[in-house]
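Containing mmCIF, C-alpha atoms: work-v5.cif.
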```
data_protein
loop_
_atom_site.label_atom_id
_atom_site.label_comp_id
_atom_site.auth_asym_id
_atom_site.auth_seq_id
_atom_site.Cartn_x
_atom_site.Cartn_y
_atom_site.Cartn_z
CA MET Z 712 -43.01 73.53 82.35
CA PRO Z 713 -43.40 71.90 85.80
CA LEU Z 714 -45.16 73.76 88.63
CA PRO Z 715 -42.10 73.88 90.97
CA LEU Z 716 -40.34 75.98 88.33
CA TYR Z 717 -42.99 78.69 88.66
CA LEU Z 718 -42.74 78.57 92.45
CA LEU Z 719 -39.02 79.22 92.12
CA ALA Z 720 -39.81 82.11 89.77
CA MET Z 721 -42.07 83.61 92.44
CA ALA Z 722 -39.17 83.65 94.88
CA VAL Z 723 -36.88 85.12 92.21
CA PHE Z 724 -39.48 87.88 91.80
CA ALA Z 725 -39.06 88.91 95.45
CA MET Z 726 -35.28 88.81 95.19
CA GLY Z 727 -35.23 90.54 91.81
CA THR Z 728 -37.30 93.37 93.22
CA SER Z 729 -34.60 93.94 95.81
CA GLU Z 730 -31.71 93.68 93.37
CA PHE Z 731 -33.16 96.23 90.95
CA MET Z 732 -35.15 98.50 93.27
CA LEU Z 733 -32.22 100.75 94.17
CA ALA Z 734 -32.36 102.24 90.68
CA GLY Z 735 -35.38 104.29 91.78
CA LEU Z 736 -34.35 104.86 95.42
CA LEU Z 737 -30.72 105.99 95.27
CA PRO Z 738 -31.33 109.75 95.56
CA ASP Z 739 -33.54 109.31 98.67
CA ILE Z 740 -31.19 106.80 100.30
CA ALA Z 741 -28.21 109.08 99.68
CA SER Z 742 -30.01 112.02 101.27
CA ASP Z 743 -31.26 110.01 104.26
CA VAL Z 744 -27.92 108.41 105.21
CA ASP Z 745 -25.87 111.47 104.23
CA VAL Z 746 -23.78 110.14 101.34
CA THR Z 747 -23.49 111.12 97.67
CA VAL Z 748 -25.62 109.46 95.00
CA ALA Z 749 -22.47 107.91 93.51
CA ALA Z 750 -21.58 106.46 96.95
CA ALA Z 751 -25.11 105.13 97.35
CA GLY Z 752 -24.72 103.45 93.97
CA VAL Z 753 -22.04 101.27 95.58
CA LEU Z 754 -24.91 99.50 97.38
CA THR Z 755 -25.76 97.91 94.03
CA SER Z 756 -22.17 96.77 93.62
CA ALA Z 757 -22.10 95.50 97.23
CA PHE Z 758 -25.08 93.30 96.45
CA ALA Z 759 -23.43 92.03 93.29
CA ILE Z 760 -20.08 91.38 95.00
CA GLY Z 761 -21.85 89.39 97.70
CA MET Z 762 -23.46 87.27 95.00
CA ILE Z 763 -20.17 86.76 93.15
CA VAL Z 764 -18.45 85.49 96.28
CA GLY Z 765 -21.49 83.75 97.66
CA ALA Z 766 -22.64 81.85 94.57
CA PRO Z 767 -19.78 79.33 94.30
CA LEU Z 768 -19.09 79.27 98.05
CA VAL Z 769 -22.65 78.67 99.17
CA ALA Z 770 -23.37 76.34 96.27
CA ALA Z 771 -20.36 74.21 97.26
CA LEU Z 772 -21.50 74.11 100.88
CA ALA Z 773 -25.11 73.34 99.99
CA ARG Z 774 -24.53 70.90 97.12
CA ASN Z 775 -25.56 67.88 99.24
CA TRP Z 776 -28.17 69.63 101.38
CA PRO Z 777 -31.89 68.91 100.85
CA ARG Z 778 -32.97 71.26 98.10
CA ARG Z 779 -36.18 72.46 99.75
CA SER Z 780 -34.46 73.21 103.07
CA SER Z 781 -31.67 75.12 101.31
CA LEU Z 782 -34.04 77.27 99.27
CA LEU Z 783 -36.26 77.96 102.29
CA GLY Z 784 -33.33 78.93 104.51
CA PHE Z 785 -31.88 81.27 101.88
CA ILE Z 786 -35.11 83.17 101.32
CA LEU Z 787 -35.80 83.59 105.06
CA ALA Z 788 -32.27 84.94 105.57
CA PHE Z 789 -32.90 87.31 102.67
CA ALA Z 790 -36.07 88.60 104.34
CA ALA Z 791 -34.27 89.13 107.66
CA ALA Z 792 -31.53 91.18 105.99
CA HIS Z 793 -34.12 93.52 104.52
CA ALA Z 794 -35.84 93.97 107.85
CA VAL Z 795 -32.54 95.11 109.38
CA GLY Z 796 -31.85 97.38 106.39
CA ALA Z 797 -35.25 98.99 106.81
CA VAL Z 798 -34.52 100.19 110.37
CA THR Z 799 -30.83 101.14 110.24
CA THR Z 800 -29.63 104.74 110.01
CA SER Z 801 -26.02 103.76 109.32
CA PHE Z 802 -24.69 103.53 105.78
CA PRO Z 803 -22.06 100.88 106.74
CA VAL Z 804 -24.80 98.74 108.33
CA LEU Z 805 -27.00 99.20 105.28
CA PHE Z 806 -24.03 98.20 103.14
CA ALA Z 807 -23.56 95.07 105.28
CA THR Z 808 -27.23 94.09 104.98
CA ARG Z 809 -26.92 94.28 101.21
CA VAL Z 810 -23.97 91.89 101.33
CA VAL Z 811 -25.84 89.46 103.61
CA ALA Z 812 -28.93 89.64 101.40
CA ALA Z 813 -26.70 89.03 98.39
CA LEU Z 814 -25.16 85.93 99.96
CA ALA Z 815 -28.65 84.55 100.59
CA ASN Z 816 -29.75 85.48 97.08
CA ALA Z 817 -26.61 83.89 95.62
CA GLY Z 818 -27.22 80.63 97.41
CA PHE Z 819 -30.85 80.61 96.40
CA LEU Z 820 -30.23 81.43 92.75
CA ALA Z 821 -27.35 78.96 92.42
CA VAL Z 822 -29.53 76.14 93.76
CA ALA Z 823 -32.58 77.35 91.80
CA LEU Z 824 -30.73 77.49 88.47
CA THR Z 825 -29.46 73.96 88.98
CA ALA Z 826 -32.93 72.84 90.07
CA ALA Z 827 -34.55 74.48 87.04
CA ALA Z 828 -32.20 72.69 84.65
CA ALA Z 829 -32.82 69.38 86.44
CA LEU Z 830 -36.61 69.76 86.23
CA VAL Z 831 -36.64 69.65 82.42
CA SER Z 832 -35.10 67.57 79.65
CA PRO Z 833 -31.49 68.41 78.65
CA ASP Z 834 -32.56 70.26 75.48
CA LYS Z 835 -34.91 72.68 77.28
CA LYS Z 836 -32.53 74.48 79.62
CA GLY Z 837 -33.10 77.77 77.82
CA ARG Z 838 -36.87 77.60 78.29
CA ALA Z 839 -36.48 76.65 81.94
CA LEU Z 840 -34.10 79.54 82.48
CA ALA Z 841 -36.58 81.88 80.77
CA VAL Z 842 -39.32 80.84 83.21
CA LEU Z 843 -37.00 81.30 86.18
CA LEU Z 844 -35.75 84.70 84.96
CA SER Z 845 -39.32 85.79 84.30
CA GLY Z 846 -39.43 86.34 88.06
CA THR Z 847 -36.71 88.96 87.62
CA THR Z 848 -38.34 90.59 84.62
CA VAL Z 849 -41.75 90.73 86.31
CA ALA Z 850 -39.94 92.33 89.24
CA THR Z 851 -38.71 95.08 86.93
CA ILE Z 852 -42.23 95.52 85.52
CA ALA Z 853 -44.22 95.46 88.77
CA GLY Z 854 -42.03 95.08 91.83
CA VAL Z 855 -39.38 97.71 91.15
CA PRO Z 856 -41.69 100.47 89.86
CA GLY Z 857 -44.12 99.67 92.66
CA GLY Z 858 -41.26 99.94 95.10
CA SER Z 859 -40.26 103.26 93.54
CA VAL Z 860 -43.79 104.64 93.97
CA LEU Z 861 -43.93 103.30 97.53
CA GLY Z 862 -40.54 104.89 98.23
CA THR Z 863 -41.70 108.23 96.80
CA LEU Z 864 -44.89 108.22 98.88
CA LEU Z 865 -43.71 106.60 102.14
CA GLY Z 866 -39.92 106.66 101.97
CA TRP Z 867 -37.33 104.12 100.83
CA ARG Z 868 -37.56 102.15 104.09
CA ALA Z 869 -41.13 101.14 103.27
CA THR Z 870 -39.82 99.48 100.11
CA PHE Z 871 -37.36 97.40 102.13
CA TRP Z 872 -40.20 96.27 104.41
CA ALA Z 873 -42.30 95.39 101.36
CA VAL Z 874 -39.53 93.16 99.97
CA ALA Z 875 -39.24 91.36 103.31
CA ALA Z 876 -43.01 90.76 103.24
CA LEU Z 877 -42.84 89.47 99.64
CA CYS Z 878 -40.48 86.71 100.76
CA LEU Z 879 -43.08 85.10 103.01
CA PRO Z 880 -45.55 83.79 100.39
CA ALA Z 881 -42.58 82.76 98.24
CA ALA Z 882 -41.21 80.76 101.17
CA LEU Z 883 -44.59 79.10 101.63
CA GLY Z 884 -44.69 78.21 97.95
CA ILE Z 885 -41.27 76.56 98.18
CA LEU Z 886 -42.29 74.67 101.32
CA LYS Z 887 -45.39 73.32 99.61
CA GLY Z 888 -44.08 72.82 96.07
CA ILE Z 889 -40.47 71.57 96.21
CA PRO Z 890 -39.87 67.90 97.17
CA ALA Z 891 -37.82 67.62 100.38
CA GLU Z 892 -35.55 64.71 99.38
CA ARG Z 893 -34.77 65.59 95.77
CA VAL Z 894 -31.16 66.76 96.25
CA LYS Z 895 -30.14 63.74 98.32
CA GLU Z 896 -31.44 61.44 95.64
CA GLU Z 897 -29.71 63.29 92.79
CA ALA Z 898 -26.43 63.91 94.61
CA THR Z 899 -25.76 60.20 95.07
CA GLY Z 900 -23.18 59.05 92.56
CA GLY Z 901 -22.70 62.57 91.16
CA PRO Z 902 -19.31 64.04 90.29
CA ALA Z 903 -16.98 65.14 93.08
CA LEU Z 904 -16.67 68.84 93.86
CA ARG Z 905 -13.12 68.87 92.47
CA ALA Z 906 -14.38 67.50 89.15
CA GLU Z 907 -17.10 70.13 88.99
CA LEU Z 908 -14.64 72.94 89.73
CA ALA Z 909 -12.34 71.56 87.04
CA GLN Z 910 -14.98 72.56 84.48
CA LEU Z 911 -13.78 76.14 84.98
CA THR Z 912 -10.63 75.27 83.04
CA ARG Z 913 -12.68 74.85 79.86
CA ARG Z 914 -12.04 77.82 77.58
CA ARG Z 915 -15.52 77.88 76.06
CA LEU Z 916 -17.10 78.04 79.50
CA ILE Z 917 -14.82 80.93 80.53
CA LEU Z 918 -15.60 82.71 77.26
CA VAL Z 919 -19.38 82.63 77.63
CA MET Z 920 -19.09 83.61 81.31
CA LEU Z 921 -16.98 86.62 80.31
CA LEU Z 922 -19.38 87.70 77.58
CA GLY Z 923 -22.38 87.28 79.89
CA ALA Z 924 -20.64 89.38 82.53
CA LEU Z 925 -19.86 92.16 80.04
CA VAL Z 926 -23.44 92.36 78.75
CA ASN Z 927 -24.79 92.44 82.30
CA ALA Z 928 -22.25 95.13 83.19
CA ALA Z 929 -23.61 97.25 80.37
CA THR Z 930 -27.17 96.64 81.56
CA PHE Z 931 -26.50 97.56 85.18
CA ALA Z 932 -24.27 100.51 84.31
CA SER Z 933 -27.26 102.34 82.86
CA PHE Z 934 -30.10 100.77 84.82
CA THR Z 935 -28.61 101.75 88.18
CA PHE Z 936 -28.61 105.43 87.26
CA LEU Z 937 -31.77 105.68 85.14
CA ALA Z 938 -33.39 107.84 87.81
CA LEU Z 939 -30.80 110.56 87.16
CA VAL Z 940 -31.45 110.41 83.42
CA VAL Z 941 -35.21 110.74 83.95
CA THR Z 942 -35.14 113.63 86.42
CA GLY Z 943 -31.95 115.28 85.16
CA SER Z 944 -31.44 114.91 81.41
CA ALA Z 945 -35.12 114.52 80.54
CA GLY Z 946 -36.27 117.00 83.19
CA LEU Z 947 -39.23 114.87 84.31
CA SER Z 948 -40.67 114.53 87.81
CA GLU Z 949 -39.77 111.68 90.15
CA LEU Z 950 -43.02 109.83 89.44
CA TRP Z 951 -41.86 109.32 85.83
CA ILE Z 952 -39.02 107.17 87.17
CA SER Z 953 -41.57 104.41 87.79
CA VAL Z 954 -42.86 104.69 84.22
CA VAL Z 955 -39.36 104.30 82.81
CA LEU Z 956 -38.67 101.32 85.08
CA VAL Z 957 -41.92 99.67 83.97
CA LEU Z 958 -40.94 100.14 80.33
CA PHE Z 959 -37.48 98.69 80.93
CA GLY Z 960 -39.04 95.76 82.78
CA ALA Z 961 -41.63 95.15 80.07
CA GLY Z 962 -38.86 95.12 77.51
CA SER Z 963 -36.80 92.71 79.58
CA PHE Z 964 -39.78 90.35 79.88
CA VAL Z 965 -40.23 90.37 76.10
CA GLY Z 966 -36.50 89.82 75.60
CA VAL Z 967 -36.26 86.89 78.00
CA THR Z 968 -39.41 85.30 76.58
CA VAL Z 969 -38.24 85.51 72.97
CA ALA Z 970 -34.71 84.40 73.84
CA GLY Z 971 -36.08 81.48 75.84
CA ARG Z 972 -37.58 80.12 72.63
CA LEU Z 973 -34.40 80.62 70.61
CA SER Z 974 -31.45 80.18 72.96
CA ASP Z 975 -31.61 76.36 73.00
CA GLN Z 976 -31.65 75.90 69.23
CA ARG Z 977 -30.49 79.18 67.63
CA PRO Z 978 -28.29 81.13 70.05
CA GLY Z 979 -26.19 82.46 67.17
CA LEU Z 980 -29.21 84.31 65.77
CA VAL Z 981 -29.90 86.06 69.08
CA ILE Z 982 -26.26 87.11 69.43
CA ALA Z 983 -25.79 88.16 65.79
CA VAL Z 984 -28.93 90.31 65.71
CA GLY Z 985 -29.21 91.46 69.30
CA GLY Z 986 -25.56 92.40 69.83
CA PRO Z 987 -25.22 95.10 67.15
CA LEU Z 988 -28.67 96.52 67.92
CA LEU Z 989 -27.77 96.76 71.61
CA LEU Z 990 -24.54 98.54 70.66
CA ILE Z 991 -26.45 101.14 68.64
CA GLY Z 992 -29.14 101.59 71.27
CA TRP Z 993 -27.09 102.88 74.22
CA PRO Z 994 -25.47 105.82 72.40
CA ALA Z 995 -28.82 106.58 70.76
CA LEU Z 996 -30.42 106.75 74.20
CA ALA Z 997 -27.66 109.09 75.41
CA VAL Z 998 -28.21 111.43 72.46
CA LEU Z 999 -32.02 111.41 72.67
CA ALA Z 1000 -32.47 111.23 76.46
CA ASN Z 1001 -33.87 114.78 76.60
CA GLU Z 1002 -36.80 113.73 74.37
CA PRO Z 1003 -39.34 111.87 76.54
CA VAL Z 1004 -40.90 109.84 73.70
CA ALA Z 1005 -37.49 108.69 72.46
CA LEU Z 1006 -36.42 107.99 76.04
CA PHE Z 1007 -39.43 105.79 76.73
CA THR Z 1008 -39.12 103.92 73.43
CA LEU Z 1009 -35.39 103.26 73.70
CA VAL Z 1010 -35.59 102.20 77.35
CA PHE Z 1011 -38.09 99.51 76.34
CA VAL Z 1012 -35.97 98.39 73.40
CA GLN Z 1013 -32.74 98.34 75.42
CA GLY Z 1014 -34.42 96.33 78.18
CA ALA Z 1015 -35.53 93.74 75.61
CA LEU Z 1016 -32.16 93.51 73.87
CA SER Z 1017 -30.14 93.47 77.10
CA PHE Z 1018 -32.08 90.60 78.63
CA ALA Z 1019 -32.40 88.65 75.38
CA LEU Z 1020 -28.66 88.72 74.82
CA GLY Z 1021 -27.77 88.31 78.50
CA SER Z 1022 -30.10 85.37 79.13
CA THR Z 1023 -28.90 83.63 75.97
CA LEU Z 1024 -25.28 83.88 77.09
CA ILE Z 1025 -26.16 82.63 80.57
CA THR Z 1026 -27.99 79.69 79.00
CA ARG Z 1027 -24.73 78.92 77.18
CA VAL Z 1028 -23.01 78.86 80.58
CA LEU Z 1029 -25.42 76.17 81.79
CA TYR Z 1030 -24.81 74.11 78.66
CA GLU Z 1031 -21.04 74.49 78.82
CA ALA Z 1032 -21.06 73.58 82.54
CA ALA Z 1033 -23.14 70.44 82.03
CA GLY Z 1034 -20.33 68.46 83.66
CA ALA Z 1035 -20.91 70.38 86.91
CA PRO Z 1036 -24.54 69.54 87.77
CA THR Z 1037 -24.55 71.05 91.27
CA MET Z 1038 -22.21 74.00 90.55
CA ALA Z 1039 -23.37 75.16 87.10
CA GLY Z 1040 -25.95 77.49 88.61
CA SER Z 1041 -23.28 79.19 90.71
CA TYR Z 1042 -21.09 79.74 87.63
CA ALA Z 1043 -24.01 81.41 85.84
CA THR Z 1044 -24.84 83.46 88.95
CA ALA Z 1045 -21.23 84.59 89.33
CA ALA Z 1046 -21.03 85.63 85.68
CA LEU Z 1047 -24.21 87.69 85.96
CA ASN Z 1048 -23.07 89.43 89.10
CA VAL Z 1049 -19.51 90.16 88.08
CA GLY Z 1050 -21.20 92.33 85.49
CA ALA Z 1051 -23.69 93.74 87.98
CA ALA Z 1052 -20.80 94.74 90.27
CA VAL Z 1053 -18.47 96.19 87.66
CA GLY Z 1054 -21.10 98.03 85.62
CA PRO Z 1055 -22.28 100.52 88.29
CA LEU Z 1056 -18.68 101.15 89.42
CA ILE Z 1057 -17.66 102.09 85.89
CA ALA Z 1058 -20.80 104.15 85.40
CA ALA Z 1059 -20.31 106.02 88.70
CA THR Z 1060 -16.92 107.29 87.53
CA THR Z 1061 -18.55 108.95 84.52
CA LEU Z 1062 -20.98 111.03 86.60
CA SER Z 1063 -18.24 113.47 87.62
CA THR Z 1064 -17.02 113.95 84.03
CA GLY Z 1065 -18.36 116.25 81.35
CA LEU Z 1066 -20.81 113.55 80.33
CA GLY Z 1067 -22.75 114.01 83.60
CA ASN Z 1068 -25.96 112.03 83.96
CA LEU Z 1069 -25.51 110.57 80.46
CA GLY Z 1070 -22.13 109.04 81.30
CA PRO Z 1071 -23.57 105.65 82.31
CA LEU Z 1072 -25.30 105.31 78.93
CA TRP Z 1073 -22.05 105.92 77.06
CA ALA Z 1074 -20.30 103.48 79.40
CA SER Z 1075 -22.89 100.83 78.52
CA GLY Z 1076 -22.23 101.36 74.83
CA LEU Z 1077 -18.51 100.91 75.38
CA LEU Z 1078 -19.03 97.68 77.33
CA VAL Z 1079 -21.22 96.22 74.59
CA ALA Z 1080 -18.61 97.22 71.99
CA ILE Z 1081 -15.95 95.32 73.96
CA THR Z 1082 -18.29 92.31 74.16
CA LEU Z 1083 -18.76 92.21 70.40
CA LEU Z 1084 -15.06 92.69 69.70
CA ILE Z 1085 -14.32 89.62 71.83
CA ALA Z 1086 -17.25 87.58 70.54
CA PHE Z 1087 -16.92 88.22 66.80
CA PRO Z 1088 -13.73 86.25 66.08
CA LEU Z 1089 -14.95 83.48 68.40
CA ARG Z 1090 -18.58 83.51 67.28
CA THR Z 1091 -18.59 79.84 66.24
CA ALA Z 1092 -17.54 78.72 69.72
CA VAL Z 1093 -19.95 81.09 71.46
CA ALA Z 1094 -22.93 79.87 69.42
CA ALA Z 1095 -21.97 76.20 69.30
CA SER Z 1096 -24.89 73.98 68.50
CA ARG Z 1097 -26.93 72.65 71.36
CA SER Z 1098 -26.63 69.09 70.11
CA THR Z 1099 -22.83 69.28 70.25
CA GLU Z 1100 -22.92 70.51 73.84
CA VAL Z 1101 -25.33 67.86 75.03
CA LEU Z 1102 -22.99 65.21 73.73
CA GLN Z 1103 -19.92 66.69 75.44
#
```

Take the structure I supplied and represent it as structure tokens, if you would.
Amino acid sequence: MPLPLYLLAMAVFAMGTSEFMLAGLLPDIASDVDVTVAAAGVLTSAFAIGMIVGAPLVAALARNWPRRSSLLGFILAFAAAHAVGAVTTSFPVLFATRVVAALANAGFLAVALTAAAALVSPDKKGRALAVLLSGTTVATIAGVPGGSVLGTLLGWRATFWAVAALCLPAALGILKGIPAERVKEEATGGPALRAELAQLTRRRLILVMLLGALVNAATFASFTFLALVVTGSAGLSELWISVVLVLFGAGSFVGVTVAGRLSDQRPGLVIAVGGPLLLIGWPALAVLANEPVALFTLVFVQGALSFALGSTLITRVLYEAAGAPTMAGSYATAALNVGAAVGPLIAATTLSTGLGNLGPLWASGLLVAITLLIAFPLRTAVAASRSTEVLQ
């Protein structure tokens, strides 16, 4: 894999740390800005909504901009939003900074996904996506738990400052590693924006976007509120939150890595095996959450299955949107973040029911069940061969 791909992954690490870090900080943020934990959970959805809106909008605006300048501008804007979030005492302002950061993240990821696909041969999009998403999974292994420990010791604001600082070496890496004129060269003679948007009328593309969104909704529904499961249902101290986040992140890294090897050639295998196992795992975690060993084991497994299945479906989005070379990344980003927005909102409604802290886990199981019910009768289309797609 080319070096610029790893530099992009480094930037995704900084942004992924921010996107996932609220899972370990929500109780402290809620207490500090005087809102409920469920209300604070909306910050995760605000970030996701900003990415949903921002991905296609910013990608359309930046489709003919120099790639290096676009990526650099997005990550610096992302850092600035976190600096403001670190000093504000107002929940509405904090909410707004999450939206701004999301817009910057959306633009960056949309351009980066397209860049990653363009850096490799057409039959290696899955492997390129795996490298890029490894930045997110490493964030869940190191960045998010580290942020949780930093938040526990120094307060949640210190974590926001740390994310802003992480953006600086990533920005330097982009400045040094990404060619300045690449987009201008590739954009010449490319399809018009209208033609790229017309790809969204393709039923197979809409199908894989929907399935990817549902799987990510299930992932974020539980991940956002894992801190409550650890300290509430399992009865462990706050420091164990970081352990659980590390395990989830380690699982996600394994899942993305394995799926990256299979999603180009054998996506049907990942979906057929991973889907049912993921469906069983969330209810099992809800039932066994009060047993620490079972909790730790299942969190690792669910992280692996969630990211293996999710990354495979997002790879299908890139294949299905091959006719939209500058917008495909935004379609994949939007699909991911529709799920990231909807999942926590659904999960938050279960916290006030009799299910309590375990409600998000049951909600995740339901979302995966819906995914499989949709996918099963259409499994041939979902797992269409890579060779067929390349020719289309």

- [ ] Check which residues satisfy the PyMOL selection byres ((chain Z and resi 918) around 12) in the file shown, then give them as JSON, numbers by chain.
- [x] {"Z": [911, 912, 913, 914, 915, 916, 917, 919, 920, 921, 922, 923, 924, 925, 1024, 1025, 1027, 1028, 1031, 1032, 1046, 1082, 1085, 1086, 1087, 1088, 1089, 1090, 1091, 1092, 1093, 1094]}

Kindly resolve the PyMOL selection byres ((chain Z and resi 818-829) around 6) on the present coordinates and return the residues as a PDB file with C-alpha atoms, keeping the file's coordinate frame.
```pdb
ATOM      1  CA  ALA Z 766     -22.640  81.850  94.570  1.00  0.00           C
ATOM      2  CA  VAL Z 769     -22.650  78.670  99.170  1.00  0.00           C
ATOM      3  CA  ALA Z 770     -23.370  76.340  96.270  1.00  0.00           C
ATOM      4  CA  LEU Z 782     -34.040  77.270  99.270  1.00  0.00           C
ATOM      5  CA  PHE Z 785     -31.880  81.270 101.880  1.00  0.00           C
ATOM      6  CA  ALA Z 815     -28.650  84.550 100.590  1.00  0.00           C
ATOM      7  CA  ASN Z 816     -29.750  85.480  97.080  1.00  0.00           C
ATOM      8  CA  ALA Z 817     -26.610  83.890  95.620  1.00  0.00           C
ATOM      9  CA  LEU Z 830     -36.610  69.760  86.230  1.00  0.00           C
ATOM     10  CA  VAL Z 831     -36.640  69.650  82.420  1.00  0.00           C
ATOM     11  CA  LYS Z 836     -32.530  74.480  79.620  1.00  0.00           C
ATOM     12  CA  ALA Z 839     -36.480  76.650  81.940  1.00  0.00           C
ATOM     13  CA  GLY Z1040     -25.950  77.490  88.610  1.00  0.00           C
ATOM     14  CA  SER Z1041     -23.280  79.190  90.710  1.00  0.00           C
TER      15      SER Z1041
END
```

Task: Distance in Å - CA of Leu1072 in chain Z versus CA of Leu996 in chain Z - done: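 CA of Leu1072 in chain Z sits 7.1 Å away from CA of Leu996 in chain Z.
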
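Proximity ranking of Z:Leu1062, Z:Val955, Z:Leu973, Z:Ala903 relative to Val1010 in chain Z places Z:Val955 first, based on all atoms listed in the file.
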
Task: Interatomic distance, CA of Leu783 in chain Z to CA of Ala850 in chain Z (Å, one decimal) - done: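 Spanning CA of Leu783 in chain Z to CA of Ala850 in chain Z is a straight-line distance of 19.8 Å.
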
If the PyMOL selection byres ((chain Z and resi 945) around 12) is run on the structure shown, which residues does it catch, given as a CSV table (one decimal) with C-alpha atoms, in the frame of the given file?
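What follows is the written file out-v1.csv:
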```csv
chain,number,residue,atom,x,y,z
Z,937,LEU,CA,-31.8,105.7,85.1
Z,938,ALA,CA,-33.4,107.8,87.8
Z,939,LEU,CA,-30.8,110.6,87.2
Z,940,VAL,CA,-31.4,110.4,83.4
Z,941,VAL,CA,-35.2,110.7,84.0
Z,942,THR,CA,-35.1,113.6,86.4
Z,943,GLY,CA,-32.0,115.3,85.2
Z,944,SER,CA,-31.4,114.9,81.4
Z,946,GLY,CA,-36.3,117.0,83.2
Z,947,LEU,CA,-39.2,114.9,84.3
Z,948,SER,CA,-40.7,114.5,87.8
Z,949,GLU,CA,-39.8,111.7,90.2
Z,951,TRP,CA,-41.9,109.3,85.8
Z,952,ILE,CA,-39.0,107.2,87.2
Z,955,VAL,CA,-39.4,104.3,82.8
Z,996,LEU,CA,-30.4,106.8,74.2
Z,997,ALA,CA,-27.7,109.1,75.4
Z,998,VAL,CA,-28.2,111.4,72.5
Z,999,LEU,CA,-32.0,111.4,72.7
Z,1000,ALA,CA,-32.5,111.2,76.5
Z,1001,ASN,CA,-33.9,114.8,76.6
Z,1002,GLU,CA,-36.8,113.7,74.4
Z,1003,PRO,CA,-39.3,111.9,76.5
Z,1004,VAL,CA,-40.9,109.8,73.7
Z,1005,ALA,CA,-37.5,108.7,72.5
Z,1006,LEU,CA,-36.4,108.0,76.0
Z,1007,PHE,CA,-39.4,105.8,76.7
Z,1068,ASN,CA,-26.0,112.0,84.0
Z,1069,LEU,CA,-25.5,110.6,80.5
```

Open item on the list: Under the rule that all atoms listed in the file are counted, which of Z:Ala749, Z:Met726, Z:Ile763, Z:Ala906 is the nearest residue to Thr1061 in chain Z?
Closed with: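 Under the stated criterion, the closest residue is Z:Ala749.
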
For Gly858 in chain Z, please output as a tab-separated table (two decimals) with C-alpha atoms, in the coordinates of the input all residues within 8 Å (counting only C-alpha atoms; exclusion window: fewer than 6 positions along the same chain).
```
chain	number	residue	atom	x	y	z
Z	728	THR	CA	-37.30	93.37	93.22
Z	732	MET	CA	-35.15	98.50	93.27
Z	870	THR	CA	-39.82	99.48	100.11
Z	873	ALA	CA	-42.30	95.39	101.36
```

- [ ] List every protein, DNA or RNA residue that has at least one atom no more than 9 Å from (-37.5, 93.0, 76.9) in the file's coordinates, counting all atoms listed in the file, and write the result as a PyMOL selection string.
- [x] chain Z and resi 848+958-969+1011-1019

Dump C-alpha atoms for the selected residues as a CSV table (one decimal), in the coordinates of the input?
```csv
chain,number,residue,atom,x,y,z
Z,848,THR,CA,-38.3,90.6,84.6
Z,958,LEU,CA,-40.9,100.1,80.3
Z,959,PHE,CA,-37.5,98.7,80.9
Z,960,GLY,CA,-39.0,95.8,82.8
Z,961,ALA,CA,-41.6,95.2,80.1
Z,962,GLY,CA,-38.9,95.1,77.5
Z,963,SER,CA,-36.8,92.7,79.6
Z,964,PHE,CA,-39.8,90.4,79.9
Z,965,VAL,CA,-40.2,90.4,76.1
Z,966,GLY,CA,-36.5,89.8,75.6
Z,967,VAL,CA,-36.3,86.9,78.0
Z,968,THR,CA,-39.4,85.3,76.6
Z,969,VAL,CA,-38.2,85.5,73.0
Z,1011,PHE,CA,-38.1,99.5,76.3
Z,1012,VAL,CA,-36.0,98.4,73.4
Z,1013,GLN,CA,-32.7,98.3,75.4
Z,1014,GLY,CA,-34.4,96.3,78.2
Z,1015,ALA,CA,-35.5,93.7,75.6
Z,1016,LEU,CA,-32.2,93.5,73.9
Z,1017,SER,CA,-30.1,93.5,77.1
Z,1018,PHE,CA,-32.1,90.6,78.6
Z,1019,ALA,CA,-32.4,88.6,75.4
```

So that I can see what lies close to Ala750 in chain Z, please list as an mmCIF file with C-alpha atoms, keeping the file's coordinate frame the residues with an atom at most 10 Å from it, counting only C-alpha atoms and leaving out residues fewer than 4 positions away in the same chain.
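Saved to out06.cif:
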```cif
data_model
loop_
_atom_site.group_PDB
_atom_site.id
_atom_site.type_symbol
_atom_site.label_atom_id
_atom_site.label_comp_id
_atom_site.auth_asym_id
_atom_site.auth_seq_id
_atom_site.Cartn_x
_atom_site.Cartn_y
_atom_site.Cartn_z
ATOM 1 C CA LEU Z 737 -30.720 105.990 95.270
ATOM 2 C CA ALA Z 741 -28.210 109.080 99.680
ATOM 3 C CA ASP Z 745 -25.870 111.470 104.230
ATOM 4 C CA VAL Z 746 -23.780 110.140 101.340
ATOM 5 C CA LEU Z 754 -24.910 99.500 97.380
ATOM 6 C CA THR Z 755 -25.760 97.910 94.030
ATOM 7 C CA PHE Z 802 -24.690 103.530 105.780
ATOM 8 C CA LEU Z 1056 -18.680 101.150 89.420
ATOM 9 C CA ALA Z 1059 -20.310 106.020 88.700
#
```

Task: Closest of Z:Ala751, Z:Val1049, Z:Leu950, Z:Leu768 to Leu904 in chain Z - atom-to-atom distances counting all atoms listed in the file - done: Z:Leu768

TODO: Counting all atoms listed in the file, note down every residue that has an atom within 10 Å of the point (-35.2, 107.6, 96.8) (file coordinates), as a PyMOL selection string.
DONE: chain Z and resi 732-743+748+858-864+866-868+870+938+949

Task: Spatial neighbours of Thr1060 in chain Z, max dist 9 Å, all atoms listed in the file, sep filter under 3 positions, as a list in words - done: Ala749, Pro1055, Leu1056, Ile1057, Ser1063, Thr1064, Gly1070 and Pro1071 of chain Z

TODO: Point out the residue among Z:Leu805, Z:Leu1078, Z:Ala1043, Z:Ile885 with the least atom-to-atom distance to Ser933 in chain Z, counting only C-alpha atoms.
DONE: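 Ranked by minimum distance to Ser933 in chain Z, first place goes to Z:Leu1078.
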